[in-house]
Amino acid sequence: MSLPLEYPVTLPNGLQYKQPSGLFINNEFVKSQGGKTIDSINPSTGELNGSVYAAEKVDVDVAVKAARTAFNKWKYVSGDKRGDLLYKFAQLVERDVELINAIEAWDSGKTKEQNARFDVAEFISVFKYYAGWADKISGKVIQNNPKKLAYTVHEPFGVCGQIIPWNYPLLMAAWKLAPALAAGNVVVLKTSEITPLSLLFVSKYFVEAGFPPGVVNIISGYGATAGAALASHMDVDKIAFTGSTATGKVISQLATSNMKAVTLELGGKSPLIVREDAELDQAVKWAAVGIMSNQGQICSATSRILVHEKVHDEFVKRFVAHVKEAYKQGDVFDDQAVVGPQVSQMQYEKVLKYIDIGKKEGAQVALGGAANKAAGKGFFIQPTVLTDVQKTFRVAQEEIFGPVVTVSKFSTDEEALEIANSTEYGLGAAVFTTNVVKAHQMAAEIQSGMVWINSSNDSDMHVPFGGVKSSGNGRELGEYGLETYTQAKAVHVNIGTRL
Ligand code: ADP
């Protein structure tokens, strides 16, 4: 029996809804041509949440064609009209926010009240924010020679391919869809095969908001098939990707097929430096936010804590006590639970493997260090603190992507910076100090796309987000994020003949 295009779901908190399963192309949910499907597993239980149709190359071709056809008309739609549509879409999501919070929690393993709710709130805000930008995109007039006039037009690329990961199934979609559409592009977005449900459900609001068919296309599918087909497609003008550095490298190569523009937001191993003069309780609080939020599944997580030797022991003592007290682990529908399960069996095994590697390398386990079977039968791992970690350890060099943090000592600022910059990554970095000069000096010396002074992982849609080195290129959010979705066309006007 083939999968129906929509099926009823009753969520663990009693809410009921109809889950679409098709590919969202041309404002309709359609079956994949080959009929292949993907199973979406519940991270809290390891059981099946539901299935969706999986796009293959032929389906990607259909989606790209729909987008291209739509672009031929969409490019004449005014900025204020695009803004209206984006705003309307955000309002529709807001109307059903309780249900969407629950779907996101259920499918991705985020605790609903302490985690998923904030993602959905930001999803809505990002659409409203870029709705405001849609009619404010303008070029420049450039005149050097009085006989010549030149102006630039910031044109959309056309068809944008977007590939997103599973750690923020809705939010990463908002960061990509909203600026692309505001700038006048059309989109084919592929969700992660691990978390396809929430965005597919939300897709129907694009129709209700009044987006023309083909402007937004959302497809589920595997990376090596649908993702690769999108990244290499000859009629896709730009590809934007968030995910692992390894996959980012593959996508960069595939994108050379037609020299499409590429922006990449990749992995990280962000340091958090605690100087001797830091306010220790602030450092403790933010260090926990920086690694335990979202089960540690954040590319910019401050997963390496570097503490001055004079305050190291006190920091570790307070940090462990704080995490134990403030980061309750439990069911995603338990309103008090902060930390949920890892997203999948594969991630669960990977994180446990890294804890084991750390122990073998000589790290001490100051907290956690194992699975948490008491929290549920799904993929729960205890918040874990590894101390006595040397910068060369694999757990200090490689992205673990779980609630596992390493703690190392330093004795001088130079040494702290040297350790901070000693990985291939450069996404974020945090510095805790009460010395304002040192704070800015260290911010300048750290190789990263973002620095947090006396906080960690502050994220604000007005402020650019992105990395350097193997953490990627290009910026998302804010005006910088919008810029990556337009390209300047220079128009030269010869006015010399009239003189
Ligand atoms: P993870 O964060 O689990 O390591 P990946 O970076 O592999 O994830 O995946 C992030 C996104 O990239 C997902 O949507 C996935 O399907 C997609 N993807 C994975 N491999 C490829 C590929 N070879 N080409 C295009 N997309 C891919």
# chains A, B, ... in the order shown; residues from 1 in each chain; ligands from 1
call {"tool": "residues_near_ligand", "arguments": {"ligand": "ligand 1", "cutoff": "10 Å", "atoms": "only C-alpha atoms and all ligand atoms", "output": "ChimeraX atom specification"}}
result
/A:162-167,169,189-196,220-232,241-255,265-267,297-299,343-344,346-347,399,401
call {"tool": "residues_around", "arguments": {"residues": "Lys409 in chain A", "least_positions_apart": "2", "cutoff": "12 Å", "atoms": "only C-alpha atoms", "output": "tab-separated table (two decimals) with N, CA, C and O atoms, in the first residue's frame"}}
result
chain	number	residue	atom	x	y	z
A	272	LEU	N	35.64	28.74	24.76
A	272	LEU	CA	35.11	29.72	25.73
A	272	LEU	C	36.23	29.93	26.75
A	272	LEU	O	36.63	29.00	27.46
A	273	ILE	N	36.77	31.15	26.73
A	273	ILE	CA	37.95	31.45	27.56
A	273	ILE	C	37.51	32.14	28.85
A	273	ILE	O	36.78	33.13	28.80
A	274	VAL	N	37.95	31.61	29.97
A	274	VAL	CA	37.64	32.23	31.27
A	274	VAL	C	38.94	32.77	31.84
A	274	VAL	O	39.80	32.00	32.27
A	275	ARG	N	39.09	34.11	31.79
A	275	ARG	CA	40.31	34.71	32.36
A	275	ARG	C	40.22	34.71	33.88
A	275	ARG	O	39.15	34.57	34.46
A	276	GLU	N	41.37	34.97	34.49
A	276	GLU	CA	41.44	34.96	35.95
A	276	GLU	C	40.52	36.02	36.57
A	276	GLU	O	39.97	35.84	37.65
A	304	ARG	N	34.58	23.85	23.96
A	304	ARG	CA	35.90	23.77	24.62
A	304	ARG	C	35.99	24.91	25.62
A	304	ARG	O	36.02	26.08	25.20
A	305	ILE	N	36.04	24.59	26.88
A	305	ILE	CA	36.19	25.64	27.89
A	305	ILE	C	37.67	25.70	28.28
A	305	ILE	O	38.27	24.68	28.63
A	306	LEU	N	38.24	26.89	28.21
A	306	LEU	CA	39.64	27.10	28.57
A	306	LEU	C	39.64	28.02	29.79
A	306	LEU	O	39.14	29.15	29.72
A	307	VAL	N	40.18	27.52	30.91
A	307	VAL	CA	40.08	28.29	32.16
A	307	VAL	C	41.47	28.59	32.70
A	307	VAL	O	42.35	27.70	32.72
A	308	HIS	N	41.64	29.82	33.18
A	308	HIS	CA	42.91	30.19	33.79
A	308	HIS	C	43.19	29.27	34.98
A	308	HIS	O	42.29	28.97	35.76
A	309	GLU	N	44.45	28.84	35.10
A	309	GLU	CA	44.78	27.83	36.12
A	309	GLU	C	44.41	28.25	37.54
A	309	GLU	O	44.06	27.42	38.37
A	310	LYS	N	44.44	29.57	37.81
A	310	LYS	CA	44.16	30.02	39.18
A	310	LYS	C	42.68	29.88	39.55
A	310	LYS	O	42.34	29.83	40.73
A	311	VAL	N	41.80	29.90	38.55
A	311	VAL	CA	40.37	29.79	38.88
A	311	VAL	C	39.77	28.47	38.37
A	311	VAL	O	38.56	28.23	38.49
A	312	HIS	N	40.62	27.62	37.81
A	312	HIS	CA	40.14	26.39	37.17
A	312	HIS	C	39.32	25.51	38.11
A	312	HIS	O	38.18	25.14	37.81
A	313	ASP	N	39.87	25.19	39.26
A	313	ASP	CA	39.19	24.22	40.14
A	313	ASP	C	37.86	24.76	40.64
A	313	ASP	O	36.85	24.04	40.69
A	315	PHE	N	36.04	27.03	39.14
A	315	PHE	CA	35.12	27.07	38.00
A	315	PHE	C	34.49	25.69	37.79
A	315	PHE	O	33.27	25.57	37.65
A	316	VAL	N	35.32	24.65	37.77
A	316	VAL	CA	34.81	23.30	37.49
A	316	VAL	C	33.79	22.91	38.56
A	316	VAL	O	32.72	22.37	38.25
A	387	THR	N	37.33	16.90	32.03
A	387	THR	CA	38.39	17.83	32.44
A	387	THR	C	39.76	17.22	32.11
A	387	THR	O	39.84	16.08	31.63
A	388	ASP	N	40.83	17.98	32.38
A	388	ASP	CA	42.21	17.55	32.10
A	388	ASP	C	42.39	17.23	30.63
A	388	ASP	O	43.07	16.25	30.27
A	389	VAL	N	41.76	18.02	29.80
A	389	VAL	CA	41.83	17.76	28.35
A	389	VAL	C	42.97	18.58	27.73
A	389	VAL	O	43.09	19.78	27.97
A	390	GLN	N	43.81	17.91	26.98
A	390	GLN	CA	44.90	18.58	26.27
A	390	GLN	C	44.42	18.99	24.88
A	390	GLN	O	43.57	18.32	24.29
A	391	LYS	N	45.01	20.05	24.35
A	391	LYS	CA	44.49	20.58	23.07
A	391	LYS	C	44.63	19.60	21.91
A	391	LYS	O	43.92	19.70	20.92
A	406	THR	N	34.62	19.94	26.93
A	406	THR	CA	35.97	19.68	27.46
A	406	THR	C	36.45	20.91	28.22
A	406	THR	O	36.13	22.03	27.87
A	407	VAL	N	37.22	20.67	29.28
A	407	VAL	CA	37.78	21.78	30.06
A	407	VAL	C	39.30	21.62	30.08
A	407	VAL	O	39.81	20.54	30.37
A	411	SER	N	47.72	29.32	31.32
A	411	SER	CA	48.32	30.21	32.32
A	411	SER	C	48.52	31.64	31.80
A	411	SER	O	48.66	32.55	32.60
A	412	THR	N	48.54	31.86	30.49
A	412	THR	CA	48.66	33.24	29.97
A	412	THR	C	47.62	33.46	28.87
A	412	THR	O	47.13	32.50	28.27
A	413	ASP	N	47.36	34.74	28.58
A	413	ASP	CA	46.43	35.05	27.48
A	413	ASP	C	46.94	34.49	26.16
A	413	ASP	O	46.16	34.00	25.34
A	415	GLU	N	48.73	31.88	25.67
A	415	GLU	CA	48.48	30.43	25.61
A	415	GLU	C	46.99	30.16	25.33
A	415	GLU	O	46.65	29.28	24.53
A	416	ALA	N	46.12	30.93	25.98
A	416	ALA	CA	44.67	30.75	25.75
A	416	ALA	C	44.34	30.95	24.28
A	416	ALA	O	43.59	30.17	23.68
A	417	LEU	N	44.90	32.00	23.70
A	417	LEU	CA	44.62	32.29	22.29
A	417	LEU	C	45.19	31.21	21.38
A	417	LEU	O	44.57	30.82	20.38
A	419	ILE	N	45.62	28.08	22.11
A	419	ILE	CA	44.74	26.89	22.16
A	419	ILE	C	43.43	27.18	21.41
A	419	ILE	O	42.95	26.36	20.63
A	420	ALA	N	42.89	28.37	21.66
A	420	ALA	CA	41.59	28.73	21.03
A	420	ALA	C	41.68	28.60	19.51
A	420	ALA	O	40.75	28.10	18.87
call {"tool": "closest_residue", "arguments": {"among": "A:Gln441, A:Ser293, A:Lys328, A:Leu352", "to": "Asn457 in chain A", "atoms": "only C-alpha atoms"}}
result
A:Ser293
call {"tool": "closest_residue", "arguments": {"among": "A:Leu92, A:Ala370, A:Ile381, A:Ala444", "to": "Tyr348 in chain A", "atoms": "only C-alpha atoms"}}
result
A:Ile381
call {"tool": "closest_residue", "arguments": {"among": "A:Ile103, A:Val332, A:Ile41, A:Ala288", "to": "Thr384 in chain A", "atoms": "only C-alpha atoms"}}
result
A:Ala288
call {"tool": "select_by_dssp", "arguments": {"residues": "range 227-385 of chain A", "states": "alpha helix (DSSP H)", "output": "ChimeraX atom specification"}}
result
/A:228-232,245-254,280-292,312-326,345-361
call {"tool": "closest_residue", "arguments": {"among": "A:Asn27, A:Lys136, A:Tyr485, A:Phe89", "to": "Gly158 in chain A", "atoms": "only C-alpha atoms"}}
result
A:Tyr485
call {"tool": "select_by_dssp", "arguments": {"residues": "range 54-300 of chain A", "states": "strand (DSSP E or B)", "output": "ChimeraX atom specification"}}
result
/A:141-142,148-156,159-163,186-190,216-219,238-242,261-265,271-274
call {"tool": "write_last_selection", "arguments": {"atoms": "N, CA and C atoms", "output": "CSV table (one decimal), in the first residue's frame"}}
result
chain,number,residue,atom,x,y,z
A,141,VAL,N,24.3,54.7,-7.1
A,141,VAL,CA,24.6,55.4,-8.3
A,141,VAL,C,26.1,55.8,-8.2
A,142,ILE,N,26.9,55.5,-9.2
A,142,ILE,CA,28.3,55.7,-9.2
A,142,ILE,C,28.7,56.6,-10.3
A,148,LYS,N,29.8,60.0,-17.9
A,148,LYS,CA,29.4,58.6,-17.7
A,148,LYS,C,28.6,58.5,-16.4
A,149,LEU,N,27.6,57.7,-16.5
A,149,LEU,CA,26.8,57.5,-15.3
A,149,LEU,C,26.7,56.0,-15.1
A,150,ALA,N,26.8,55.5,-13.9
A,150,ALA,CA,26.6,54.1,-13.7
A,150,ALA,C,25.7,53.8,-12.5
A,151,TYR,N,24.9,52.8,-12.5
A,151,TYR,CA,24.2,52.5,-11.3
A,151,TYR,C,24.2,51.0,-11.2
A,152,THR,N,23.9,50.5,-9.9
A,152,THR,CA,23.9,49.1,-9.7
A,152,THR,C,22.4,48.7,-9.3
A,153,VAL,N,22.0,47.5,-9.7
A,153,VAL,CA,20.8,47.0,-9.3
A,153,VAL,C,21.1,45.7,-8.6
A,154,HIS,N,20.5,45.5,-7.4
A,154,HIS,CA,20.7,44.3,-6.6
A,154,HIS,C,19.7,43.2,-7.0
A,155,GLU,N,20.1,42.4,-8.0
A,155,GLU,CA,19.1,41.5,-8.5
A,155,GLU,C,19.2,40.1,-7.7
A,156,PRO,N,18.0,39.5,-7.7
A,156,PRO,CA,18.0,38.1,-7.1
A,156,PRO,C,18.8,37.2,-8.0
A,159,VAL,N,16.9,30.9,-9.1
A,159,VAL,CA,16.5,29.7,-8.3
A,159,VAL,C,17.6,29.4,-7.3
A,160,CYS,N,17.2,29.4,-6.0
A,160,CYS,CA,18.2,29.1,-4.9
A,160,CYS,C,17.9,27.7,-4.4
A,161,GLY,N,18.9,26.9,-4.4
A,161,GLY,CA,18.8,25.6,-3.7
A,161,GLY,C,19.3,25.8,-2.3
A,162,GLN,N,18.6,25.2,-1.3
A,162,GLN,CA,18.9,25.3,0.1
A,162,GLN,C,18.9,23.9,0.7
A,163,ILE,N,19.9,23.6,1.5
A,163,ILE,CA,20.0,22.3,2.1
A,163,ILE,C,20.2,22.5,3.6
A,186,VAL,N,13.4,32.6,-5.9
A,186,VAL,CA,12.5,31.4,-5.7
A,186,VAL,C,13.4,30.3,-5.1
A,187,VAL,N,12.8,29.3,-4.5
A,187,VAL,CA,13.6,28.4,-3.7
A,187,VAL,C,13.1,26.9,-3.8
A,188,VAL,N,14.2,26.1,-3.8
A,188,VAL,CA,13.9,24.6,-3.6
A,188,VAL,C,14.7,24.3,-2.4
A,189,LEU,N,14.1,24.0,-1.3
A,189,LEU,CA,14.8,23.7,0.0
A,189,LEU,C,14.6,22.2,0.3
A,190,LYS,N,15.7,21.6,0.6
A,190,LYS,CA,15.7,20.2,1.0
A,190,LYS,C,15.9,20.1,2.6
A,216,VAL,N,8.0,28.7,-3.6
A,216,VAL,CA,8.6,28.0,-2.5
A,216,VAL,C,8.4,26.5,-2.7
A,217,ASN,N,9.4,25.7,-2.8
A,217,ASN,CA,9.3,24.3,-2.9
A,217,ASN,C,10.1,23.6,-1.8
A,218,ILE,N,9.4,22.7,-1.1
A,218,ILE,CA,10.1,22.1,0.1
A,218,ILE,C,10.1,20.6,-0.2
A,219,ILE,N,11.3,20.0,-0.3
A,219,ILE,CA,11.4,18.6,-0.6
A,219,ILE,C,12.1,17.8,0.6
A,238,LYS,N,22.1,29.3,-7.1
A,238,LYS,CA,22.9,29.5,-5.9
A,238,LYS,C,22.5,28.4,-5.0
A,239,ILE,N,23.5,27.9,-4.2
A,239,ILE,CA,23.2,26.9,-3.2
A,239,ILE,C,23.7,27.4,-1.8
A,240,ALA,N,22.8,27.3,-0.8
A,240,ALA,CA,23.1,27.6,0.5
A,240,ALA,C,23.0,26.4,1.4
A,241,PHE,N,24.0,26.1,2.2
A,241,PHE,CA,24.0,24.9,2.9
A,241,PHE,C,24.4,25.1,4.4
A,242,THR,N,23.8,24.4,5.3
A,242,THR,CA,24.2,24.3,6.7
A,242,THR,C,24.3,22.9,7.0
A,261,ALA,N,26.8,30.2,-7.1
A,261,ALA,CA,27.2,30.8,-5.9
A,261,ALA,C,27.0,29.9,-4.7
A,262,VAL,N,27.9,29.9,-3.7
A,262,VAL,CA,27.8,29.0,-2.6
A,262,VAL,C,28.0,29.7,-1.3
A,263,THR,N,27.1,29.5,-0.4
A,263,THR,CA,27.4,29.9,1.0
A,263,THR,C,27.2,28.7,1.9
A,264,LEU,N,28.1,28.6,2.9
A,264,LEU,CA,28.3,27.4,3.7
A,264,LEU,C,28.4,27.8,5.2
A,265,GLU,N,27.5,27.2,6.0
A,265,GLU,CA,27.6,27.4,7.4
A,265,GLU,C,27.9,26.0,8.0
A,271,PRO,N,35.8,27.8,21.3
A,271,PRO,CA,36.4,28.0,22.6
A,271,PRO,C,35.6,29.0,23.5
A,272,LEU,N,35.6,28.7,24.8
A,272,LEU,CA,35.1,29.7,25.7
A,272,LEU,C,36.2,29.9,26.7
A,273,ILE,N,36.8,31.2,26.7
A,273,ILE,CA,38.0,31.4,27.6
A,273,ILE,C,37.5,32.1,28.8
A,274,VAL,N,37.9,31.6,30.0
A,274,VAL,CA,37.6,32.2,31.3
A,274,VAL,C,38.9,32.8,31.8
call {"tool": "residues_around", "arguments": {"residues": "Val97 in chain A", "least_positions_apart": "3", "cutoff": "12 Å", "atoms": "only C-alpha atoms", "output": "PDB file with N, CA, C and O atoms, in the first residue's frame"}}
result
ATOM      1  N   ALA A  90       4.201  34.565   8.290  1.00  0.00           N
ATOM      2  CA  ALA A  90       4.623  34.545   9.696  1.00  0.00           C
ATOM      3  C   ALA A  90       3.409  34.585  10.620  1.00  0.00           C
ATOM      4  O   ALA A  90       3.356  33.887  11.650  1.00  0.00           O
ATOM      5  N   GLN A  91       2.425  35.363  10.255  1.00  0.00           N
ATOM      6  CA  GLN A  91       1.231  35.466  11.100  1.00  0.00           C
ATOM      7  C   GLN A  91       0.452  34.150  11.139  1.00  0.00           C
ATOM      8  O   GLN A  91      -0.124  33.796  12.163  1.00  0.00           O
ATOM      9  N   LEU A  92       0.443  33.430  10.024  1.00  0.00           N
ATOM     10  CA  LEU A  92      -0.273  32.150   9.996  1.00  0.00           C
ATOM     11  C   LEU A  92       0.430  31.124  10.891  1.00  0.00           C
ATOM     12  O   LEU A  92      -0.217  30.358  11.605  1.00  0.00           O
ATOM     13  N   VAL A  93       1.756  31.135  10.864  1.00  0.00           N
ATOM     14  CA  VAL A  93       2.501  30.225  11.739  1.00  0.00           C
ATOM     15  C   VAL A  93       2.214  30.597  13.198  1.00  0.00           C
ATOM     16  O   VAL A  93       2.001  29.729  14.055  1.00  0.00           O
ATOM     17  N   GLU A  94       2.162  31.893  13.454  1.00  0.00           N
ATOM     18  CA  GLU A  94       1.899  32.383  14.816  1.00  0.00           C
ATOM     19  C   GLU A  94       0.523  31.912  15.305  1.00  0.00           C
ATOM     20  O   GLU A  94       0.356  31.558  16.467  1.00  0.00           O
ATOM     21  N   ILE A 100       2.639  23.822  16.326  1.00  0.00           N
ATOM     22  CA  ILE A 100       3.939  23.745  15.644  1.00  0.00           C
ATOM     23  C   ILE A 100       5.069  23.511  16.660  1.00  0.00           C
ATOM     24  O   ILE A 100       5.993  22.730  16.410  1.00  0.00           O
ATOM     25  N   ASN A 101       4.986  24.141  17.820  1.00  0.00           N
ATOM     26  CA  ASN A 101       5.964  23.863  18.889  1.00  0.00           C
ATOM     27  C   ASN A 101       5.992  22.361  19.193  1.00  0.00           C
ATOM     28  O   ASN A 101       7.062  21.761  19.360  1.00  0.00           O
ATOM     29  N   ALA A 102       4.809  21.795  19.277  1.00  0.00           N
ATOM     30  CA  ALA A 102       4.715  20.383  19.668  1.00  0.00           C
ATOM     31  C   ALA A 102       5.259  19.467  18.570  1.00  0.00           C
ATOM     32  O   ALA A 102       5.953  18.484  18.859  1.00  0.00           O
ATOM     33  N   ILE A 103       4.959  19.786  17.318  1.00  0.00           N
ATOM     34  CA  ILE A 103       5.460  18.940  16.212  1.00  0.00           C
ATOM     35  C   ILE A 103       6.989  18.994  16.193  1.00  0.00           C
ATOM     36  O   ILE A 103       7.670  17.972  16.043  1.00  0.00           O
ATOM     37  N   GLU A 104       7.527  20.213  16.371  1.00  0.00           N
ATOM     38  CA  GLU A 104       8.989  20.368  16.332  1.00  0.00           C
ATOM     39  C   GLU A 104       9.648  19.574  17.470  1.00  0.00           C
ATOM     40  O   GLU A 104      10.653  18.892  17.267  1.00  0.00           O
ATOM     41  N   LYS A 112       9.903  20.733  24.601  1.00  0.00           N
ATOM     42  CA  LYS A 112       8.954  21.688  23.991  1.00  0.00           C
ATOM     43  C   LYS A 112       9.005  23.054  24.662  1.00  0.00           C
ATOM     44  O   LYS A 112       9.161  24.074  23.983  1.00  0.00           O
ATOM     45  N   ALA A 116      12.050  23.978  21.988  1.00  0.00           N
ATOM     46  CA  ALA A 116      11.373  24.095  20.685  1.00  0.00           C
ATOM     47  C   ALA A 116      10.588  25.408  20.570  1.00  0.00           C
ATOM     48  O   ALA A 116      10.580  26.061  19.515  1.00  0.00           O
ATOM     49  N   ARG A 117       9.936  25.779  21.656  1.00  0.00           N
ATOM     50  CA  ARG A 117       9.113  26.993  21.673  1.00  0.00           C
ATOM     51  C   ARG A 117       9.911  28.230  21.219  1.00  0.00           C
ATOM     52  O   ARG A 117       9.392  29.091  20.521  1.00  0.00           O
ATOM     53  N   PHE A 118      11.173  28.292  21.643  1.00  0.00           N
ATOM     54  CA  PHE A 118      11.990  29.463  21.287  1.00  0.00           C
ATOM     55  C   PHE A 118      12.375  29.438  19.804  1.00  0.00           C
ATOM     56  O   PHE A 118      12.475  30.475  19.156  1.00  0.00           O
ATOM     57  N   ASP A 119      12.588  28.237  19.295  1.00  0.00           N
ATOM     58  CA  ASP A 119      12.917  28.106  17.868  1.00  0.00           C
ATOM     59  C   ASP A 119      11.757  28.608  17.012  1.00  0.00           C
ATOM     60  O   ASP A 119      11.954  29.305  16.017  1.00  0.00           O
ATOM     61  N   VAL A 120      10.557  28.194  17.387  1.00  0.00           N
ATOM     62  CA  VAL A 120       9.400  28.568  16.569  1.00  0.00           C
ATOM     63  C   VAL A 120       9.153  30.072  16.680  1.00  0.00           C
ATOM     64  O   VAL A 120       8.840  30.740  15.688  1.00  0.00           O
ATOM     65  N   ALA A 121       9.355  30.616  17.877  1.00  0.00           N
ATOM     66  CA  ALA A 121       9.194  32.072  18.045  1.00  0.00           C
ATOM     67  C   ALA A 121      10.185  32.810  17.149  1.00  0.00           C
ATOM     68  O   ALA A 121       9.849  33.806  16.492  1.00  0.00           O
ATOM     69  N   GLU A 122      11.417  32.291  17.083  1.00  0.00           N
ATOM     70  CA  GLU A 122      12.411  32.974  16.237  1.00  0.00           C
ATOM     71  C   GLU A 122      12.108  32.753  14.753  1.00  0.00           C
ATOM     72  O   GLU A 122      12.332  33.642  13.929  1.00  0.00           O
ATOM     73  N   PHE A 123      11.592  31.588  14.433  1.00  0.00           N
ATOM     74  CA  PHE A 123      11.177  31.310  13.045  1.00  0.00           C
ATOM     75  C   PHE A 123      10.210  32.416  12.579  1.00  0.00           C
ATOM     76  O   PHE A 123      10.369  33.008  11.513  1.00  0.00           O
ATOM     77  N   ILE A 124       9.221  32.692  13.423  1.00  0.00           N
ATOM     78  CA  ILE A 124       8.219  33.715  13.082  1.00  0.00           C
ATOM     79  C   ILE A 124       8.894  35.088  12.961  1.00  0.00           C
ATOM     80  O   ILE A 124       8.673  35.837  11.998  1.00  0.00           O
ATOM     81  N   SER A 198       8.229  18.797  10.500  1.00  0.00           N
ATOM     82  CA  SER A 198       7.689  20.106  10.896  1.00  0.00           C
ATOM     83  C   SER A 198       7.620  21.083   9.725  1.00  0.00           C
ATOM     84  O   SER A 198       6.603  21.752   9.523  1.00  0.00           O
ATOM     85  N   VAL A 202       4.406  22.997   7.925  1.00  0.00           N
ATOM     86  CA  VAL A 202       4.337  24.459   7.846  1.00  0.00           C
ATOM     87  C   VAL A 202       4.213  24.948   6.387  1.00  0.00           C
ATOM     88  O   VAL A 202       3.695  26.042   6.130  1.00  0.00           O
TER      89      VAL A 202
END
call {"tool": "atom_distance", "arguments": {"atom1": "CA of Gln382 in chain A", "atom2": "CA of Phe410 in chain A"}}
result
26.8 Å
call {"tool": "residues_around", "arguments": {"residues": "Ser456 in chain A", "least_positions_apart": "4", "cutoff": "9 Å", "atoms": "only C-alpha atoms", "output": "PyMOL selection string"}}
result
chain A and resi 272+283+286-291+301-302+428-431+451-452
call {"tool": "closest_residue", "arguments": {"among": "A:Gly358, A:Pro341, A:Gly296, A:Gly478", "to": "Ala371 in chain A", "atoms": "only C-alpha atoms"}}
result
A:Pro341
call {"tool": "closest_residue", "arguments": {"among": "A:Gly50, A:Gly184, A:Gly132, A:Pro383", "to": "Phe157 in chain A", "atoms": "only C-alpha atoms"}}
result
A:Gly184
call {"tool": "atom_distance", "arguments": {"atom1": "CA of Ser125 in chain A", "atom2": "CA of Tyr87 in chain A"}}
result
9.4 Å
